[in-house]
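query07.pdb, holding PDB, C-alpha atoms and all ligand atoms:
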```
ATOM      1  CA  MET A   1      18.008  -0.972 -36.031
ATOM      2  CA  ILE A   2      16.422  -3.884 -34.166
ATOM      3  CA  ARG A   3      18.295  -2.748 -31.070
ATOM      4  CA  ILE A   4      16.871   0.763 -31.350
ATOM      5  CA  VAL A   5      13.365  -0.595 -31.726
ATOM      6  CA  ALA A   6      13.823  -2.831 -28.677
ATOM      7  CA  LEU A   7      15.036   0.127 -26.635
ATOM      8  CA  GLY A   8      12.046   2.131 -27.806
ATOM      9  CA  VAL A   9       9.707  -0.579 -26.586
ATOM     10  CA  LEU A  10      11.446  -0.638 -23.211
ATOM     11  CA  VAL A  11      11.232   3.133 -22.790
ATOM     12  CA  THR A  12       7.590   2.996 -23.851
ATOM     13  CA  ALA A  13       6.887   0.339 -21.232
ATOM     14  CA  LEU A  14       8.524   2.426 -18.510
ATOM     15  CA  LEU A  15       6.700   5.583 -19.543
ATOM     16  CA  ALA A  16       3.409   3.706 -19.766
ATOM     17  CA  TYR A  17       3.681   3.130 -16.054
ATOM     18  CA  MET A  18       3.225   6.829 -15.384
ATOM     19  CA  TYR A  19       0.152   7.130 -17.558
ATOM     20  CA  LEU A  20      -1.836   4.195 -16.290
ATOM     21  CA  SER A  21      -4.316   6.099 -14.219
ATOM     22  CA  VAL A  22      -5.421   9.613 -13.354
ATOM     23  CA  SER A  23      -8.249  10.467 -10.974
ATOM     24  CA  ARG A  24     -10.455  13.463 -10.756
ATOM     25  CA  PRO A  25      -9.511  15.711  -7.796
ATOM     26  CA  ASP A  26     -12.600  14.473  -5.896
ATOM     27  CA  ASN A  27     -11.673  10.834  -6.761
ATOM     28  CA  LYS A  28     -15.150  10.170  -8.114
ATOM     29  CA  ILE A  29     -13.957   9.106 -11.518
ATOM     30  CA  GLN A  30     -10.734   7.681 -12.884
ATOM     31  CA  VAL A  31      -9.195   7.437 -16.342
ATOM     32  CA  VAL A  32      -7.080   4.312 -16.879
ATOM     33  CA  ASP A  33      -4.746   3.215 -19.695
ATOM     34  CA  ALA A  34      -5.406   6.026 -22.168
ATOM     35  CA  TRP A  35      -3.724   5.317 -25.501
ATOM     36  CA  SER A  36      -3.958   6.033 -29.191
ATOM     37  CA  PRO A  37      -2.820   3.596 -31.911
ATOM     38  CA  ALA A  38       0.256   4.767 -33.821
ATOM     39  CA  ALA A  39      -0.702   5.904 -37.331
ATOM     40  CA  PRO A  40       1.025   7.093 -40.516
ATOM     41  CA  PRO A  41       1.697  10.886 -40.506
ATOM     42  CA  THR A  42      -0.680  11.326 -43.456
ATOM     43  CA  MET A  43      -3.648  10.248 -41.351
ATOM     44  CA  ALA A  44      -5.702  13.215 -40.137
ATOM     45  CA  MET A  45      -7.993  11.279 -37.818
ATOM     46  CA  HIS A  46      -6.967   9.132 -34.859
ATOM     47  CA  ALA A  47      -8.760   6.903 -32.394
ATOM     48  CA  GLY A  48      -8.337   7.134 -28.622
ATOM     49  CA  TYR A  49      -8.960   4.322 -26.148
ATOM     50  CA  LEU A  50      -9.178   4.213 -22.339
ATOM     51  CA  SER A  51     -11.211   3.010 -19.398
ATOM     52  CA  LEU A  52     -13.418   5.286 -17.369
ATOM     53  CA  GLN A  53     -14.180   4.045 -13.857
ATOM     54  CA  ASN A  54     -16.886   5.674 -11.766
ATOM     55  CA  HIS A  55     -16.012   5.204  -8.082
ATOM     56  CA  SER A  56     -18.983   7.168  -6.793
ATOM     57  CA  SER A  57     -22.628   6.352  -6.077
ATOM     58  CA  ASP A  58     -23.813   8.982  -8.576
ATOM     59  CA  SER A  59     -24.010   8.612 -12.309
ATOM     60  CA  ILE A  60     -21.464  10.896 -13.956
ATOM     61  CA  GLU A  61     -21.856  12.397 -17.386
ATOM     62  CA  LEU A  62     -18.952  13.154 -19.689
ATOM     63  CA  VAL A  63     -19.986  16.163 -21.778
ATOM     64  CA  GLU A  64     -16.859  17.489 -23.487
ATOM     65  CA  VAL A  65     -13.527  16.142 -24.711
ATOM     66  CA  SER A  66     -10.730  18.412 -25.875
ATOM     67  CA  SER A  67      -6.988  18.512 -26.420
ATOM     68  CA  LEU A  68      -4.393  21.103 -27.345
ATOM     69  CA  ALA A  69      -3.058  18.450 -29.713
ATOM     70  CA  TYR A  70      -6.225  18.191 -31.869
ATOM     71  CA  GLU A  71      -8.620  20.517 -33.560
ATOM     72  CA  SER A  72     -11.591  18.565 -32.240
ATOM     73  CA  ILE A  73     -12.453  15.367 -30.381
ATOM     74  CA  GLU A  74     -15.755  13.512 -30.441
ATOM     75  CA  ILE A  75     -17.128  10.542 -28.531
ATOM     76  CA  HIS A  76     -18.007   7.825 -31.051
ATOM     77  CA  GLN A  77     -19.747   4.490 -30.919
ATOM     78  CA  SER A  78     -18.969   1.900 -33.584
ATOM     79  CA  LEU A  79     -21.862  -0.262 -34.617
ATOM     80  CA  SER A  80     -22.670  -2.873 -37.158
ATOM     81  CA  ILE A  81     -26.003  -2.567 -38.954
ATOM     82  CA  ASP A  82     -26.811  -5.457 -41.301
ATOM     83  CA  GLY A  83     -23.135  -6.322 -41.397
ATOM     84  CA  VAL A  84     -22.103  -2.804 -42.361
ATOM     85  CA  LEU A  85     -19.771  -1.075 -39.925
ATOM     86  CA  SER A  86     -20.450   2.529 -39.143
ATOM     87  CA  MET A  87     -20.110   4.883 -36.227
ATOM     88  CA  ARG A  88     -22.201   7.557 -34.652
ATOM     89  CA  MET A  89     -21.321  10.507 -32.505
ATOM     90  CA  LEU A  90     -22.562  10.602 -28.920
ATOM     91  CA  PRO A  91     -23.290  14.119 -27.621
ATOM     92  CA  SER A  92     -22.384  12.929 -24.113
ATOM     93  CA  LEU A  93     -21.675   9.729 -22.208
ATOM     94  CA  SER A  94     -23.234   8.748 -18.907
ATOM     95  CA  VAL A  95     -21.280   6.436 -16.597
ATOM     96  CA  GLU A  96     -23.507   4.631 -14.094
ATOM     97  CA  PRO A  97     -22.609   4.488 -10.382
ATOM     98  CA  ARG A  98     -19.599   2.172  -9.761
ATOM     99  CA  ALA A  99     -19.579   1.259 -13.448
ATOM    100  CA  LYS A 100     -16.586   1.001 -15.718
ATOM    101  CA  VAL A 101     -16.872   2.061 -19.334
ATOM    102  CA  GLN A 102     -14.301   0.818 -21.785
ATOM    103  CA  PHE A 103     -13.326   2.695 -24.917
ATOM    104  CA  LYS A 104     -11.888   0.091 -27.265
ATOM    105  CA  SER A 105     -11.486  -0.903 -30.868
ATOM    106  CA  GLY A 106     -14.841  -1.779 -32.468
ATOM    107  CA  GLY A 107     -16.823  -0.075 -29.709
ATOM    108  CA  LEU A 108     -16.785   3.204 -27.909
ATOM    109  CA  HIS A 109     -13.843   5.395 -28.927
ATOM    110  CA  LEU A 110     -12.598   8.947 -29.048
ATOM    111  CA  MET A 111     -12.428  10.280 -32.597
ATOM    112  CA  MET A 112      -9.685  12.863 -32.702
ATOM    113  CA  ARG A 113      -9.574  15.095 -35.770
ATOM    114  CA  LYS A 114      -6.652  17.057 -37.252
ATOM    115  CA  PRO A 115      -3.583  16.543 -35.086
ATOM    116  CA  LEU A 116      -1.781  19.857 -34.457
ATOM    117  CA  ALA A 117       1.620  18.277 -33.751
ATOM    118  CA  PRO A 118       3.592  15.177 -34.808
ATOM    119  CA  ARG A 119       2.817  12.010 -32.854
ATOM    120  CA  PRO A 120       5.988   9.982 -32.250
ATOM    121  CA  LEU A 121       5.528   6.390 -31.112
ATOM    122  CA  GLY A 122       5.826   6.315 -27.322
ATOM    123  CA  GLY A 123       5.080  10.012 -27.062
ATOM    124  CA  SER A 124       2.040  11.411 -25.338
ATOM    125  CA  PHE A 125      -0.313  14.364 -25.431
ATOM    126  CA  PRO A 126      -2.773  15.852 -22.928
ATOM    127  CA  VAL A 127      -6.511  15.238 -23.173
ATOM    128  CA  SER A 128      -9.150  16.938 -21.072
ATOM    129  CA  PHE A 129     -12.535  15.523 -20.006
ATOM    130  CA  LYS A 130     -15.240  17.868 -18.804
ATOM    131  CA  PHE A 131     -18.191  16.483 -16.841
ATOM    132  CA  ALA A 132     -21.760  17.735 -16.464
ATOM    133  CA  ASP A 133     -21.099  18.847 -12.866
ATOM    134  CA  GLY A 134     -18.323  21.138 -14.118
ATOM    135  CA  ALA A 135     -15.378  19.038 -12.921
ATOM    136  CA  VAL A 136     -12.479  18.559 -15.315
ATOM    137  CA  ILE A 137      -9.893  15.800 -15.515
ATOM    138  CA  GLU A 138      -6.654  16.108 -17.487
ATOM    139  CA  PHE A 139      -4.687  13.040 -18.468
ATOM    140  CA  LEU A 140      -1.976  11.973 -20.882
ATOM    141  CA  MET A 141      -2.795   9.760 -23.822
ATOM    142  CA  GLN A 142       0.079   7.709 -25.096
ATOM    143  CA  VAL A 143       0.833   6.852 -28.710
ATOM    144  CA  SER A 144       1.355   3.103 -28.751
ATOM    145  CA  LYS A 145       1.277   0.172 -31.165
ATOM    146  CA  THR A 146      -0.651  -2.270 -29.055
ATOM    147  CA  GLY A 147      -1.991  -0.405 -26.051
ATOM    148  CA  LEU A 148      -0.819  -0.205 -22.475
ATOM    149  CA  VAL A 149      -0.535  -2.884 -19.841
ATOM    150  CA  ASP A 150      -3.916  -4.261 -18.867
ATOM    151  CA  THR A 151      -3.662  -3.845 -15.107
ATOM    152  CA  GLU A 152      -6.710  -5.954 -14.404
ATOM    153  CA  THR A 153      -5.545  -8.976 -16.365
ATOM    154  CA  SER A 154      -1.954  -8.796 -15.174
ATOM    155  CA  SER A 155      -2.917  -8.351 -11.514
ATOM    156  CA  THR A 156      -4.990 -11.538 -11.358
ATOM    157  CA  ASP A 157      -1.944 -13.801 -11.270
ATOM    158  CA  THR A 158      -0.077 -11.612  -8.770
ATOM    159  CA  HIS A 159      -1.790  -9.494  -6.137
ATOM    160  CA  HIS A 160      -5.238  -8.056  -6.360
ATOM    161  CA  HIS A 161      -5.702  -4.574  -5.006
ATOM    162  CA  HIS A 162      -9.065  -3.219  -4.032
ATOM    163  CA  HIS A 163      -9.759   0.453  -3.566
TER     164      HIS A 163
HETATM  165 CU    CU A 201     -15.204   7.208 -34.901
END
```
With the file now loaded, output its structure as C-alpha cells.
Ligand SMILES: [Cu+2]
Amino acid sequence: MIRIVALGVLVTALLAYMYLSVSRPDNKIQVVDAWSPAAPPTMAMHAGYLSLQNHSSDSIELVEVSSLAYESIEIHQSLSIDGVLSMRMLPSLSVEPRAKVQFKSGGLHLMMRKPLAPRPLGGSFPVSFKFADGAVIEFLMQVSKTGLVDTETSSTDTHHHHH
C-alpha cells in the first residue's frame, strides 16, 4: 500500500512537469502551476489555485472562467472582516502590466461548483480563461495534495531563467 502511494507521488511529480505553464497564443499572459486540492468525493465545491503572469505592457482583464469538468466557476477573494472569514465573488480580475497575480489558499481562488466527473488524485481537467480582449487560454489543472513545484523558489538555488 505504501509502495503504491509512493509510486503515485512519483507519477504525479512527473505529470506535474507538463502542467507547469501554459501561455496565451500571443504570449501576453501565462498560467503557471494550476492545481486543485484533493477533496472527498462528497464535496461539491472545489478550490483552484494558480499564478497568472502578465508579460505585456497592457493591463489584461480576466472576464470568464469555465470548464467542461464543472457546472460553474467563479473568481473569489477570501477576506477577513473583524476576524470572520468570508469570501466574495469578483465579476472580473484585472492583471496590471508585468504583474503576477497569485491564486492561493486564504486569498484569491477559483471556486468551482458541481464537478461533472470524478477527480482522482494526480489526475487533471481542462480549464478555460477568457479575457476582455476576446483571447482565450486553455490549461490543465491538476488534482494534488500539496500543490505543484514552486518553480520560482526551486530555481533560486540552481539557475535563474529570465524571459
Ligand atoms: Cu470561494
Per residue of chain A within 12 Å of ligand CU 201 (chain A), note the shortest atom pair and the distance in Å to one decimal, counting all atoms listed in the file, and order the rows by chain and increasing residue number, as JSON lines.
```
{"residue": "A:Met45", "atom": "CA", "partner": "A:CU201", "partner_atom": "CU", "distance": 8.8}
{"residue": "A:His46", "atom": "CA", "partner": "A:CU201", "partner_atom": "CU", "distance": 8.5}
{"residue": "A:Ala47", "atom": "CA", "partner": "A:CU201", "partner_atom": "CU", "distance": 6.9}
{"residue": "A:Gly48", "atom": "CA", "partner": "A:CU201", "partner_atom": "CU", "distance": 9.3}
{"residue": "A:Tyr49", "atom": "CA", "partner": "A:CU201", "partner_atom": "CU", "distance": 11.1}
{"residue": "A:Ile73", "atom": "CA", "partner": "A:CU201", "partner_atom": "CU", "distance": 9.7}
{"residue": "A:Glu74", "atom": "CA", "partner": "A:CU201", "partner_atom": "CU", "distance": 7.7}
{"residue": "A:Ile75", "atom": "CA", "partner": "A:CU201", "partner_atom": "CU", "distance": 7.4}
{"residue": "A:His76", "atom": "CA", "partner": "A:CU201", "partner_atom": "CU", "distance": 4.8}
{"residue": "A:Gln77", "atom": "CA", "partner": "A:CU201", "partner_atom": "CU", "distance": 6.6}
{"residue": "A:Ser78", "atom": "CA", "partner": "A:CU201", "partner_atom": "CU", "distance": 6.6}
{"residue": "A:Leu79", "atom": "CA", "partner": "A:CU201", "partner_atom": "CU", "distance": 10.0}
{"residue": "A:Leu85", "atom": "CA", "partner": "A:CU201", "partner_atom": "CU", "distance": 10.7}
{"residue": "A:Ser86", "atom": "CA", "partner": "A:CU201", "partner_atom": "CU", "distance": 8.2}
{"residue": "A:Met87", "atom": "CA", "partner": "A:CU201", "partner_atom": "CU", "distance": 5.6}
{"residue": "A:Arg88", "atom": "CA", "partner": "A:CU201", "partner_atom": "CU", "distance": 7.0}
{"residue": "A:Met89", "atom": "CA", "partner": "A:CU201", "partner_atom": "CU", "distance": 7.4}
{"residue": "A:Leu90", "atom": "CA", "partner": "A:CU201", "partner_atom": "CU", "distance": 10.1}
{"residue": "A:Phe103", "atom": "CA", "partner": "A:CU201", "partner_atom": "CU", "distance": 11.1}
{"residue": "A:Lys104", "atom": "CA", "partner": "A:CU201", "partner_atom": "CU", "distance": 11.0}
{"residue": "A:Ser105", "atom": "CA", "partner": "A:CU201", "partner_atom": "CU", "distance": 9.8}
{"residue": "A:Gly106", "atom": "CA", "partner": "A:CU201", "partner_atom": "CU", "distance": 9.3}
{"residue": "A:Gly107", "atom": "CA", "partner": "A:CU201", "partner_atom": "CU", "distance": 9.1}
{"residue": "A:Leu108", "atom": "CA", "partner": "A:CU201", "partner_atom": "CU", "distance": 8.2}
{"residue": "A:His109", "atom": "CA", "partner": "A:CU201", "partner_atom": "CU", "distance": 6.4}
{"residue": "A:Leu110", "atom": "CA", "partner": "A:CU201", "partner_atom": "CU", "distance": 6.6}
{"residue": "A:Met111", "atom": "CA", "partner": "A:CU201", "partner_atom": "CU", "distance": 4.7}
{"residue": "A:Met112", "atom": "CA", "partner": "A:CU201", "partner_atom": "CU", "distance": 8.2}
{"residue": "A:Arg113", "atom": "CA", "partner": "A:CU201", "partner_atom": "CU", "distance": 9.7}
```
- Check which residues satisfy the PyMOL selection byres (((chain A and resi 55) around 8) and not hetatm) in the file shown, then give them as a list in words.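 On the file shown, the PyMOL selection byres (((chain A and resi 55) around 8) and not hetatm) covers Asn27, Lys28, Ile29, Gln30, Gln53, Asn54, Ser56, Ser57, Pro97, Arg98 and Ala99 of chain A.
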- Item | Proximity to A:Tyr70 - best of A:Ala44, A:Leu121, A:Val32, A:Val136, all atoms listed in the file |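 Closest residue, counting all atoms listed in the file: A:Ala44.
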- Query: Quick one, how far is atom CA of A:Val22 from atom CA of A:Phe139?
  - Reply: 6.2 Å
Any chance you could work out the residue set of the PyMOL selection byres (((chain A and resi 36) around 9) and not hetatm) here, as a CSV table (one decimal) with C-alpha atoms, keeping the file's coordinate frame?
```
chain,number,residue,atom,x,y,z
A,34,ALA,CA,-5.4,6.0,-22.2
A,35,TRP,CA,-3.7,5.3,-25.5
A,37,PRO,CA,-2.8,3.6,-31.9
A,38,ALA,CA,0.3,4.8,-33.8
A,39,ALA,CA,-0.7,5.9,-37.3
A,46,HIS,CA,-7.0,9.1,-34.9
A,47,ALA,CA,-8.8,6.9,-32.4
A,48,GLY,CA,-8.3,7.1,-28.6
A,49,TYR,CA,-9.0,4.3,-26.1
A,50,LEU,CA,-9.2,4.2,-22.3
A,124,SER,CA,2.0,11.4,-25.3
A,141,MET,CA,-2.8,9.8,-23.8
A,142,GLN,CA,0.1,7.7,-25.1
A,143,VAL,CA,0.8,6.9,-28.7
A,144,SER,CA,1.4,3.1,-28.8
A,145,LYS,CA,1.3,0.2,-31.2
A,146,THR,CA,-0.7,-2.3,-29.1
A,147,GLY,CA,-2.0,-0.4,-26.1
```
- Query: So which one's closest to A:Met43, A:Arg119, A:Lys130, A:Arg24, A:Lys100? Using only C-alpha atoms, please.
  - Reply: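 That would be A:Arg119, the residue with the smallest distance to A:Met43.
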- In terms of the shortest atom-to-atom distance over only C-alpha atoms, which of A:Asp58, A:Glu71, A:Glu138, A:Asp82 is closest to A:Ser23?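 Among the listed residues, A:Glu138 lies closest to A:Ser23.
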